[in-house]
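Note sheet for the following structure.
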Amino acid sequence: MVTNSASTAIGLSASKILPLGMTALLGLFIVGFVGFSHLEVVHNAAHDTRHSLAFPCH
């Protein structure tokens with residue numbers, strides 16, 4: 001029983017790798033798009049969001 005539950009625990013942690021990796025890639029894409037966007041609307045939306053969350057950006 002101990003060996004079986006240990007292999008199950010390893011399998012569950014390995015199954016979380018793909019969703020976590022995809023979430024990280026999505027986050028990096030969003031931050032990169034907003035951070036380097038030349039569209040004024042995108043920049044202003046991110047700027048206003050930072051201020052509404054009391055996050056310093058200046």
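Residue numbering restarts at 1 in every chain; chains get A, B, ... in the order shown in the structure tokens, and ligands count up from 1 in that same order.
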Could you give me the residues within segment 4-58 of chain A that DSSP places in alpha helix (DSSP H), as a PyMOL selection string?
-> chain A and resi 4-15+17-35+40-52
Let's have the selection written as a CSV table (one decimal), in the first residue's frame, with C-alpha atoms.
chain,number,residue,atom,x,y,z
A,4,ASN,CA,1.1,2.3,-4.4
A,5,SER,CA,0.2,5.6,-2.7
A,6,ALA,CA,3.7,7.0,-3.3
A,7,SER,CA,3.4,6.3,-7.1
A,8,THR,CA,0.0,8.0,-7.1
A,9,ALA,CA,1.4,11.1,-5.4
A,10,ILE,CA,4.2,11.2,-8.0
A,11,GLY,CA,1.7,10.8,-10.8
A,12,LEU,CA,-0.5,13.6,-9.5
A,13,SER,CA,2.4,16.1,-9.2
A,14,ALA,CA,3.5,15.2,-12.7
A,15,SER,CA,0.0,15.9,-14.1
A,17,ILE,CA,3.3,20.4,-14.8
A,18,LEU,CA,1.4,21.0,-18.1
A,19,PRO,CA,-1.3,23.3,-16.7
A,20,LEU,CA,1.3,25.2,-14.7
A,21,GLY,CA,3.6,25.6,-17.7
A,22,MET,CA,0.7,26.8,-19.9
A,23,THR,CA,-0.4,29.3,-17.3
A,24,ALA,CA,3.2,30.6,-17.0
A,25,LEU,CA,3.4,31.0,-20.8
A,26,LEU,CA,0.0,32.8,-20.9
A,27,GLY,CA,1.1,35.2,-18.1
A,28,LEU,CA,4.4,35.9,-19.9
A,29,PHE,CA,2.6,36.6,-23.1
A,30,ILE,CA,0.2,39.0,-21.5
A,31,VAL,CA,2.9,40.9,-19.6
A,32,GLY,CA,5.1,41.0,-22.7
A,33,PHE,CA,2.2,42.2,-24.9
A,34,VAL,CA,1.1,44.9,-22.5
A,35,GLY,CA,4.6,45.9,-21.6
A,40,GLU,CA,-2.0,53.6,-26.3
A,41,VAL,CA,-5.3,52.0,-25.3
A,42,VAL,CA,-3.6,48.9,-24.1
A,43,HIS,CA,-1.0,50.9,-22.2
A,44,ASN,CA,-3.6,53.1,-20.5
A,45,ALA,CA,-5.7,50.1,-19.5
A,46,ALA,CA,-2.7,48.5,-17.8
A,47,HIS,CA,-1.7,51.7,-16.3
A,48,ASP,CA,-5.1,52.4,-14.8
A,49,THR,CA,-5.3,48.8,-13.5
A,50,ARG,CA,-2.0,49.1,-11.7
A,51,HIS,CA,-3.1,52.3,-10.0
A,52,SER,CA,-6.5,50.8,-9.0
